[in-house]
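Some notes on the structure that comes next.
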Amino acid sequence: MAKDSENRITTIKHLRKGLAIYKTGRTPYYYIRFRDPLAGKYVHRSSKETSRLDAIEVAYEFADSYRSKANSDHAQKKATSFEHYAKKLMGIQKGKSKWSDGDNKLLNRSKDGLICYFGKYDVTKITTGKVRDYLIHLDENRPKRLAESTKAKHTIIIRKVLTLAVEDGILNVLPVMPKQKTVDTPRHTFTDDEYKRFMRAAGECAKRGDMVRGVQITGHHAKMSRFVVHTFLRPTEGELFGLKHKDIQVKGDPPHLEMNVRGGKTGGRTSVTMPLAVPLYQGTLNPFDESGPDRNGFVWMPEYSNRRTAINTARRLFNHILEKAELLDEDRKLSPYSLRHYAIQARLRGSQGKVNLYTLATNAGTSVDQLERFYLKNMAPTKELIENLQTRGDG
């Protein structure tokens with residue numbers, strides 16, 4: 001009890017918000033109590049002064065020097081902080097950018113998100129070195145290092161945020177972002193034999209009416225997989241699962257579908273299909289419906305208004321068919337995206353090397369660079385390609 005009595009504050013003088021001096025019965029000296037705004041707690045120091053006036057002077061000096069040391073890289077006002085511009089970016093992208101959800105997740109992660117780490121920083125104090133320190137910090141918080149491609153996403157968002165500060169004239173020039181060494185890791189694709197086995201298994205599953213978590217596999221699902229191969233669509237919410245009847249026109253000479261792909265990874269595009277896509281699409285229509293399909297209705301798995309649910313359900317059905325086709329392999333994991341990869345490689349092989357790469361890339365919503373890095377590089381050579389390589393020119 002005596003010790004508690006000694007530590008009890010006997011007198012206190014508030015100097016300004018978050019700063020005070022006080023005395024206890026333990027010592028004749030005044031103590032300084034300062035509120036650390038970053039740590040959210042009080043810091044206590046002895047002033048080493050018995051005079052109240054001298055203690056006040058020491059308290060002001062301590063508070064000023066402590067703040068300048070603690071906040072040397074932090075914004076003195078919110079309008080120049082990283083958090084201010086991060087929230088501005090989220091506001092600009094909301095409902096307008098397909099990247100907004102992914103950006104928001106990385107910005108708002110509770111433990112090591114960009115706002116958590118850089119939020120109070122003045123945008124003018126964020127340097128290449130500080131960004132590199134952040135990337136190291138990300139690895140230190142995990143049992144396994146982040147992929148370089150994931151780190152690159154973080155630096156892209158930092159650049160987006162700081163670009164807004166440049167536009168406002170707060171920042172003169174963007175800092176150079178640390179280079180991330182990325183390694184291409186293309187998704188696995190089907191071989192011709194594997195694709196045949198998969199489609200055969202899909203038909204058998206539909207015929208039996210296999211159930212997967214309460215959902216029955218039907219011919220509709222089997223046709224959907226084949227449709228990807230003949231349209232080059234990505235099995236995503238913005239492409240295959242975003243496709244509506246109003247986005248499709250059936251055209252002839254040669255027969256094909258002309259599709260308005262609205263939310264593709266590389267933006268909107270008009271894409272044409274291979275001939276077999278026409279009967280696959282027409283097979284989704286009710287021939288007895290004289291009024292025709294609901295133009296605003298989805299083509300594939302229209303019973304799910306939530307397209308994310310449709311995608312997750314389709315993936316489970318896909319994995320079930322893989323299992324029945326005996327194509328599950330830990331070292332070569334096939335996914336719905338493997339159908340698109342197979343489609344592009346099959347088109348390259350089927351054309352005997354004659355298809356125009358730019359035309360194919362544009363139609364599939366990708367680039368020639370992507371075709372070369374992710375499709376041509378790992379594609380098994382065909383007889384025609386080998387013959388082209390070995391043919392001697394006249395010159």
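So you can find residues: chains in the structure tokens are A, B, ... in the order shown, residues in each start at 1, and ligands are numbered from 1 in order.
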
Give the strand (DSSP E) residues of segment 245-323 of chain A, as assigned by DSSP on the backbone, as a PDB file with N, CA, C and O atoms, in the first residue's frame.
ATOM      1  N   ILE A 248     -24.906 -12.407 -78.400  1.00  0.00           N
ATOM      2  CA  ILE A 248     -24.563 -13.398 -79.430  1.00  0.00           C
ATOM      3  C   ILE A 248     -25.394 -13.199 -80.691  1.00  0.00           C
ATOM      4  O   ILE A 248     -26.615 -12.999 -80.637  1.00  0.00           O
ATOM      5  N   GLN A 249     -24.721 -13.265 -81.828  1.00  0.00           N
ATOM      6  CA  GLN A 249     -25.386 -13.289 -83.134  1.00  0.00           C
ATOM      7  C   GLN A 249     -24.899 -14.511 -83.895  1.00  0.00           C
ATOM      8  O   GLN A 249     -23.694 -14.786 -83.924  1.00  0.00           O
ATOM      9  N   VAL A 250     -25.825 -15.267 -84.477  1.00  0.00           N
ATOM     10  CA  VAL A 250     -25.465 -16.424 -85.302  1.00  0.00           C
ATOM     11  C   VAL A 250     -25.287 -15.940 -86.730  1.00  0.00           C
ATOM     12  O   VAL A 250     -26.194 -15.321 -87.300  1.00  0.00           O
ATOM     13  N   LYS A 251     -24.114 -16.219 -87.278  1.00  0.00           N
ATOM     14  CA  LYS A 251     -23.826 -15.769 -88.643  1.00  0.00           C
ATOM     15  C   LYS A 251     -23.304 -16.936 -89.483  1.00  0.00           C
ATOM     16  O   LYS A 251     -22.864 -17.953 -88.956  1.00  0.00           O
ATOM     17  N   HIS A 256     -20.688 -19.302 -87.791  1.00  0.00           N
ATOM     18  CA  HIS A 256     -19.977 -18.956 -86.550  1.00  0.00           C
ATOM     19  C   HIS A 256     -20.862 -18.082 -85.687  1.00  0.00           C
ATOM     20  O   HIS A 256     -21.905 -17.592 -86.138  1.00  0.00           O
ATOM     21  N   LEU A 257     -20.455 -17.896 -84.461  1.00  0.00           N
ATOM     22  CA  LEU A 257     -21.107 -16.947 -83.574  1.00  0.00           C
ATOM     23  C   LEU A 257     -20.245 -15.691 -83.506  1.00  0.00           C
ATOM     24  O   LEU A 257     -19.019 -15.777 -83.485  1.00  0.00           O
ATOM     25  N   GLU A 258     -20.907 -14.551 -83.481  1.00  0.00           N
ATOM     26  CA  GLU A 258     -20.201 -13.311 -83.214  1.00  0.00           C
ATOM     27  C   GLU A 258     -20.623 -12.856 -81.819  1.00  0.00           C
ATOM     28  O   GLU A 258     -21.803 -12.629 -81.564  1.00  0.00           O
ATOM     29  N   MET A 259     -19.650 -12.778 -80.910  1.00  0.00           N
ATOM     30  CA  MET A 259     -19.959 -12.533 -79.500  1.00  0.00           C
ATOM     31  C   MET A 259     -19.426 -11.173 -79.051  1.00  0.00           C
ATOM     32  O   MET A 259     -18.296 -10.795 -79.382  1.00  0.00           O
ATOM     33  N   ASN A 260     -20.247 -10.488 -78.291  1.00  0.00           N
ATOM     34  CA  ASN A 260     -19.830  -9.241 -77.663  1.00  0.00           C
ATOM     35  C   ASN A 260     -19.368  -9.586 -76.244  1.00  0.00           C
ATOM     36  O   ASN A 260     -20.185  -9.772 -75.341  1.00  0.00           O
ATOM     37  N   VAL A 261     -18.056  -9.710 -76.067  1.00  0.00           N
ATOM     38  CA  VAL A 261     -17.496 -10.046 -74.754  1.00  0.00           C
ATOM     39  C   VAL A 261     -17.307  -8.735 -73.999  1.00  0.00           C
ATOM     40  O   VAL A 261     -16.455  -7.923 -74.341  1.00  0.00           O
ATOM     41  N   ARG A 269     -14.462  -6.836 -76.169  1.00  0.00           N
ATOM     42  CA  ARG A 269     -14.017  -7.177 -77.529  1.00  0.00           C
ATOM     43  C   ARG A 269     -15.148  -7.887 -78.260  1.00  0.00           C
ATOM     44  O   ARG A 269     -16.086  -8.407 -77.654  1.00  0.00           O
ATOM     45  N   THR A 270     -15.074  -7.875 -79.572  1.00  0.00           N
ATOM     46  CA  THR A 270     -15.953  -8.688 -80.400  1.00  0.00           C
ATOM     47  C   THR A 270     -15.163  -9.912 -80.817  1.00  0.00           C
ATOM     48  O   THR A 270     -14.055  -9.796 -81.348  1.00  0.00           O
ATOM     49  N   SER A 271     -15.709 -11.089 -80.549  1.00  0.00           N
ATOM     50  CA  SER A 271     -14.974 -12.325 -80.796  1.00  0.00           C
ATOM     51  C   SER A 271     -15.816 -13.257 -81.659  1.00  0.00           C
ATOM     52  O   SER A 271     -17.035 -13.323 -81.508  1.00  0.00           O
ATOM     53  N   VAL A 272     -15.169 -13.949 -82.576  1.00  0.00           N
ATOM     54  CA  VAL A 272     -15.864 -14.933 -83.414  1.00  0.00           C
ATOM     55  C   VAL A 272     -15.421 -16.331 -83.011  1.00  0.00           C
ATOM     56  O   VAL A 272     -14.354 -16.520 -82.440  1.00  0.00           O
TER      57      VAL A 272
END

Inset, instruction - Write out as number ranges by chain which residues come within 12 Å of Leu334 of chain A when counting only C-alpha atoms, dropping same-chain ones fewer than 4 positions away. - result: A: 186-191, 194-195, 198, 315, 318-323, 325-330, 338-342

Just to be explicit: take each residue in the selection above, keep N, CA, C and O atoms, and write the result as a short mmCIF file (atom, residue, chain, number, x, y, z; two decimals), in the first residue's frame.
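Written out: again30.cif:
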data_model
loop_
_atom_site.label_atom_id
_atom_site.label_comp_id
_atom_site.auth_asym_id
_atom_site.auth_seq_id
_atom_site.Cartn_x
_atom_site.Cartn_y
_atom_site.Cartn_z
N PRO A 186 2.66 -21.16 -66.72
CA PRO A 186 1.39 -21.36 -67.43
C PRO A 186 0.59 -22.50 -66.84
O PRO A 186 1.13 -23.47 -66.32
N ARG A 187 -0.75 -22.36 -66.91
CA ARG A 187 -1.61 -23.44 -66.46
C ARG A 187 -1.41 -24.65 -67.34
O ARG A 187 -1.08 -24.55 -68.52
N HIS A 188 -1.64 -25.82 -66.77
CA HIS A 188 -1.52 -27.04 -67.56
C HIS A 188 -2.69 -27.12 -68.55
O HIS A 188 -3.78 -26.63 -68.29
N THR A 189 -2.44 -27.76 -69.68
CA THR A 189 -3.45 -27.89 -70.71
C THR A 189 -3.74 -29.36 -70.98
O THR A 189 -2.97 -30.25 -70.58
N PHE A 190 -4.85 -29.64 -71.63
CA PHE A 190 -5.19 -30.99 -72.03
C PHE A 190 -4.37 -31.41 -73.25
O PHE A 190 -4.05 -30.58 -74.10
N THR A 191 -4.05 -32.68 -73.33
CA THR A 191 -3.59 -33.25 -74.60
C THR A 191 -4.85 -33.65 -75.37
O THR A 191 -5.96 -33.66 -74.82
N GLU A 194 -6.41 -36.58 -73.64
CA GLU A 194 -7.03 -36.22 -72.36
C GLU A 194 -8.35 -35.47 -72.58
O GLU A 194 -9.32 -35.68 -71.85
N TYR A 195 -8.39 -34.62 -73.58
CA TYR A 195 -9.62 -33.88 -73.86
C TYR A 195 -10.74 -34.85 -74.28
O TYR A 195 -11.89 -34.71 -73.83
N PHE A 198 -11.92 -36.62 -71.22
CA PHE A 198 -12.71 -35.71 -70.38
C PHE A 198 -14.12 -35.58 -70.92
O PHE A 198 -15.10 -35.67 -70.16
N ARG A 315 -16.90 -25.32 -61.28
CA ARG A 315 -15.58 -25.87 -60.97
C ARG A 315 -15.68 -27.21 -60.24
O ARG A 315 -14.92 -28.14 -60.52
N PHE A 318 -16.61 -29.77 -62.80
CA PHE A 318 -15.42 -30.03 -63.63
C PHE A 318 -14.50 -31.02 -62.91
O PHE A 318 -14.03 -31.99 -63.53
N ASN A 319 -14.24 -30.79 -61.63
CA ASN A 319 -13.34 -31.67 -60.88
C ASN A 319 -13.91 -33.08 -60.75
O ASN A 319 -13.16 -34.06 -60.76
N HIS A 320 -15.23 -33.18 -60.62
CA HIS A 320 -15.87 -34.50 -60.56
C HIS A 320 -15.65 -35.26 -61.87
O HIS A 320 -15.33 -36.46 -61.86
N ILE A 321 -15.83 -34.55 -62.99
CA ILE A 321 -15.63 -35.19 -64.29
C ILE A 321 -14.17 -35.60 -64.46
O ILE A 321 -13.86 -36.68 -64.97
N LEU A 322 -13.25 -34.73 -64.01
CA LEU A 322 -11.82 -35.09 -64.06
C LEU A 322 -11.55 -36.40 -63.33
O LEU A 322 -10.81 -37.27 -63.81
N GLU A 323 -12.16 -36.52 -62.15
CA GLU A 323 -11.95 -37.73 -61.34
C GLU A 323 -12.47 -38.96 -62.08
O GLU A 323 -11.80 -40.00 -62.12
N ALA A 325 -12.76 -39.32 -65.22
CA ALA A 325 -11.92 -39.56 -66.41
C ALA A 325 -10.51 -40.00 -66.02
O ALA A 325 -9.67 -40.22 -66.90
N GLU A 326 -10.28 -40.12 -64.71
CA GLU A 326 -8.96 -40.51 -64.18
C GLU A 326 -7.88 -39.54 -64.64
O GLU A 326 -6.80 -39.94 -65.09
N LEU A 327 -8.20 -38.25 -64.53
CA LEU A 327 -7.27 -37.21 -64.96
C LEU A 327 -6.79 -36.35 -63.79
O LEU A 327 -6.15 -35.32 -64.01
N LEU A 328 -7.11 -36.75 -62.56
CA LEU A 328 -6.62 -36.02 -61.40
C LEU A 328 -5.15 -36.34 -61.19
O LEU A 328 -4.76 -37.51 -61.09
N ASP A 329 -4.32 -35.31 -61.16
CA ASP A 329 -2.87 -35.51 -61.03
C ASP A 329 -2.31 -34.34 -60.24
O ASP A 329 -2.43 -33.18 -60.65
N GLU A 330 -1.68 -34.63 -59.09
CA GLU A 330 -1.12 -33.57 -58.25
C GLU A 330 -0.02 -32.79 -58.95
O GLU A 330 0.20 -31.62 -58.68
N SER A 338 -7.80 -24.83 -68.29
CA SER A 338 -7.07 -25.75 -69.18
C SER A 338 -7.82 -25.96 -70.48
O SER A 338 -7.22 -26.27 -71.51
N LEU A 339 -9.15 -25.82 -70.45
CA LEU A 339 -9.94 -25.94 -71.67
C LEU A 339 -9.61 -24.82 -72.64
O LEU A 339 -9.50 -25.03 -73.85
N ARG A 340 -9.48 -23.61 -72.12
CA ARG A 340 -9.11 -22.47 -72.98
C ARG A 340 -7.71 -22.65 -73.54
O ARG A 340 -7.46 -22.40 -74.73
N HIS A 341 -6.77 -23.10 -72.70
CA HIS A 341 -5.41 -23.31 -73.18
C HIS A 341 -5.39 -24.38 -74.27
O HIS A 341 -4.69 -24.25 -75.27
N TYR A 342 -6.17 -25.44 -74.06
CA TYR A 342 -6.26 -26.48 -75.08
C TYR A 342 -6.83 -25.92 -76.37
O TYR A 342 -6.37 -26.24 -77.47
#

Inset, instruction - Pull the helix (DSSP H, G or I) assignments for segment 157-351 of chain A out of DSSP run on the backbone, and list those residues as a ChimeraX atom specification. - result: /A:157-167,192-208,219-229,240-242,245-247,277-282,307-324,336-350

Within 7 Å of Ala20 of chain A, counting only C-alpha atoms, which residues show up once you throw out same-chain ones fewer than 6 positions away? Write them as a compact mmCIF listing (two decimals) with all heavy atoms, in the first residue's frame, please.
# COMPACT_ATOMS: atom_id res chain seq x y z
N ILE A 12 -0.72 17.70 -11.06
CA ILE A 12 -0.59 17.54 -12.51
C ILE A 12 -0.91 18.87 -13.19
O ILE A 12 -1.78 19.63 -12.74
CB ILE A 12 -1.52 16.42 -13.04
CG1 ILE A 12 -1.27 16.18 -14.53
CG2 ILE A 12 -2.98 16.75 -12.80
CD1 ILE A 12 -1.92 14.90 -15.06
N LYS A 13 -0.17 19.15 -14.25
CA LYS A 13 -0.37 20.38 -15.02
C LYS A 13 -0.48 20.00 -16.50
O LYS A 13 0.45 19.47 -17.10
CB LYS A 13 0.83 21.32 -14.82
CG LYS A 13 0.84 22.54 -15.73
CD LYS A 13 -0.25 23.53 -15.39
CE LYS A 13 -0.09 24.81 -16.23
NZ LYS A 13 -1.20 25.75 -16.00
N HIS A 14 -1.67 20.22 -17.08
CA HIS A 14 -1.88 19.92 -18.50
C HIS A 14 -1.36 21.08 -19.33
O HIS A 14 -1.78 22.23 -19.14
CB HIS A 14 -3.37 19.69 -18.78
CG HIS A 14 -3.92 18.48 -18.10
ND1 HIS A 14 -3.73 17.21 -18.59
CD2 HIS A 14 -4.64 18.35 -16.94
CE1 HIS A 14 -4.32 16.34 -17.79
NE2 HIS A 14 -4.88 17.01 -16.77
N ILE A 32 7.13 13.82 -17.12
CA ILE A 32 6.48 14.25 -18.36
C ILE A 32 5.58 13.10 -18.83
O ILE A 32 6.01 11.94 -18.86
CB ILE A 32 7.51 14.57 -19.46
CG1 ILE A 32 8.48 15.65 -18.99
CG2 ILE A 32 6.82 14.96 -20.77
CD1 ILE A 32 9.70 15.79 -19.88
N ARG A 33 4.36 13.42 -19.19
CA ARG A 33 3.45 12.42 -19.77
C ARG A 33 3.07 12.91 -21.17
O ARG A 33 2.46 13.97 -21.32
CB ARG A 33 2.20 12.25 -18.92
CG ARG A 33 1.31 11.07 -19.41
CD ARG A 33 0.09 10.93 -18.55
NE ARG A 33 -0.86 12.01 -18.79
CZ ARG A 33 -2.01 12.14 -18.13
NH1 ARG A 33 -2.33 11.29 -17.18
NH2 ARG A 33 -2.83 13.15 -18.41
N PHE A 34 3.45 12.10 -22.16
CA PHE A 34 3.23 12.50 -23.56
C PHE A 34 2.49 11.39 -24.30
O PHE A 34 2.84 10.22 -24.21
CB PHE A 34 4.57 12.78 -24.24
CG PHE A 34 4.46 13.00 -25.73
CD1 PHE A 34 3.78 14.09 -26.25
CD2 PHE A 34 5.04 12.10 -26.64
CE1 PHE A 34 3.68 14.29 -27.61
CE2 PHE A 34 4.94 12.29 -28.00
CZ PHE A 34 4.26 13.40 -28.50

Legend entry - Contact residues around Asp139 of chain A with only C-alpha atoms at 12 Å, ignoring same-chain residues under 6 positions, as number ranges by chain: A: 112, 132-133, 145-148, 150-151

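Distances from A:Leu171, A:Met211, A:Leu371, A:Leu19 to Asp64 of chain A were compared using only C-alpha atoms, and the smallest one belongs to A:Leu19.
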
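Rounded to one decimal, atom CA of Gln370 of chain A and atom CA of Leu348 of chain A lie 13.6 Å from each other.
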
Inset, instruction - Identify, on the basis of only C-alpha atoms, every residue whose closest approach to Met274 of chain A does not exceed 12 Å; exclude the query and any residue fewer than 5 positions from it along the same chain; express the result as a PyMOL selection string. - result: chain A and resi 226-233+250-259+279-281+343-344+346-347+350+360+363-364

Could you write out that same residue set with N, CA and C atoms as a compact mmCIF listing (two decimals), in the first residue's frame?
# COMPACT_ATOMS: atom_id res chain seq x y z
N ARG A 226 -17.35 -27.97 -73.85
CA ARG A 226 -16.99 -28.01 -75.27
C ARG A 226 -17.08 -26.62 -75.90
N PHE A 227 -18.02 -25.82 -75.41
CA PHE A 227 -18.22 -24.46 -75.92
C PHE A 227 -16.96 -23.61 -75.69
N VAL A 228 -16.32 -23.78 -74.52
CA VAL A 228 -15.08 -23.04 -74.23
C VAL A 228 -14.02 -23.34 -75.28
N VAL A 229 -13.92 -24.61 -75.65
CA VAL A 229 -12.88 -25.03 -76.61
C VAL A 229 -13.13 -24.46 -77.99
N HIS A 230 -14.38 -24.18 -78.33
CA HIS A 230 -14.68 -23.68 -79.68
C HIS A 230 -14.94 -22.18 -79.71
N THR A 231 -14.70 -21.51 -78.57
CA THR A 231 -14.88 -20.05 -78.53
C THR A 231 -13.66 -19.32 -77.95
N PHE A 232 -12.74 -20.06 -77.30
CA PHE A 232 -11.54 -19.49 -76.67
C PHE A 232 -11.87 -18.59 -75.46
N LEU A 233 -13.09 -18.67 -74.93
CA LEU A 233 -13.48 -17.82 -73.80
C LEU A 233 -12.80 -18.25 -72.51
N VAL A 250 -25.83 -15.27 -84.48
CA VAL A 250 -25.46 -16.42 -85.30
C VAL A 250 -25.29 -15.94 -86.73
N LYS A 251 -24.11 -16.22 -87.28
CA LYS A 251 -23.83 -15.77 -88.64
C LYS A 251 -23.30 -16.94 -89.48
N GLY A 252 -23.37 -16.77 -90.81
CA GLY A 252 -22.95 -17.85 -91.70
C GLY A 252 -21.80 -17.47 -92.60
N ASP A 253 -21.41 -18.45 -93.43
CA ASP A 253 -20.39 -18.27 -94.49
C ASP A 253 -19.03 -17.81 -93.96
N PRO A 254 -18.27 -18.65 -93.29
CA PRO A 254 -18.68 -19.94 -92.72
C PRO A 254 -19.49 -19.72 -91.45
N PRO A 255 -20.26 -20.72 -91.00
CA PRO A 255 -21.11 -20.55 -89.82
C PRO A 255 -20.26 -20.27 -88.57
N HIS A 256 -20.69 -19.30 -87.79
CA HIS A 256 -19.98 -18.96 -86.55
C HIS A 256 -20.86 -18.08 -85.69
N LEU A 257 -20.46 -17.90 -84.46
CA LEU A 257 -21.11 -16.95 -83.57
C LEU A 257 -20.25 -15.69 -83.51
N GLU A 258 -20.91 -14.55 -83.48
CA GLU A 258 -20.20 -13.31 -83.21
C GLU A 258 -20.62 -12.86 -81.82
N MET A 259 -19.65 -12.78 -80.91
CA MET A 259 -19.96 -12.53 -79.50
C MET A 259 -19.43 -11.17 -79.05
N PRO A 279 -23.99 -24.97 -83.20
CA PRO A 279 -24.96 -25.94 -82.66
C PRO A 279 -24.88 -26.08 -81.14
N LEU A 280 -23.70 -25.86 -80.55
CA LEU A 280 -23.59 -25.92 -79.09
C LEU A 280 -24.43 -24.82 -78.45
N TYR A 281 -24.38 -23.63 -79.04
CA TYR A 281 -25.20 -22.53 -78.52
C TYR A 281 -26.68 -22.79 -78.76
N ALA A 343 -7.86 -25.06 -76.25
CA ALA A 343 -8.51 -24.49 -77.43
C ALA A 343 -7.52 -23.71 -78.28
N ILE A 344 -6.70 -22.88 -77.63
CA ILE A 344 -5.75 -22.04 -78.39
C ILE A 344 -4.66 -22.90 -79.00
N ALA A 346 -4.85 -26.08 -79.73
CA ALA A 346 -5.45 -26.91 -80.78
C ALA A 346 -5.63 -26.10 -82.06
N ARG A 347 -5.98 -24.82 -81.93
CA ARG A 347 -6.13 -23.97 -83.12
C ARG A 347 -4.78 -23.73 -83.79
N GLY A 350 -3.98 -27.10 -85.38
CA GLY A 350 -4.90 -27.44 -86.46
C GLY A 350 -4.69 -26.62 -87.71
N LEU A 360 -5.53 -14.37 -83.95
CA LEU A 360 -5.92 -15.31 -82.91
C LEU A 360 -5.84 -14.65 -81.53
N ASN A 363 -8.71 -12.12 -81.08
CA ASN A 363 -9.99 -12.81 -80.95
C ASN A 363 -10.14 -13.46 -79.58
N ALA A 364 -9.01 -13.94 -79.02
CA ALA A 364 -9.04 -14.62 -77.72
C ALA A 364 -8.85 -13.65 -76.56

Inset, instruction - Find the residues near Lys78 of chain A: any atom within 12 Å, counting only C-alpha atoms, skip ones fewer than 3 places away on the same chain, and give them as a PyMOL selection string. - result: chain A and resi 74-75+81-87+119-123

Legend entry - Selected residue, from A:Ala79, A:Ala314, A:Ala55, A:Val299, that lies nearest to Gly169 of chain A when counting only C-alpha atoms: A:Ala79

Legend entry - Using only C-alpha atoms: which of A:Arg307, A:His154, A:Arg332, A:Arg8 has the shortest distance to Pro178 of chain A: A:His154
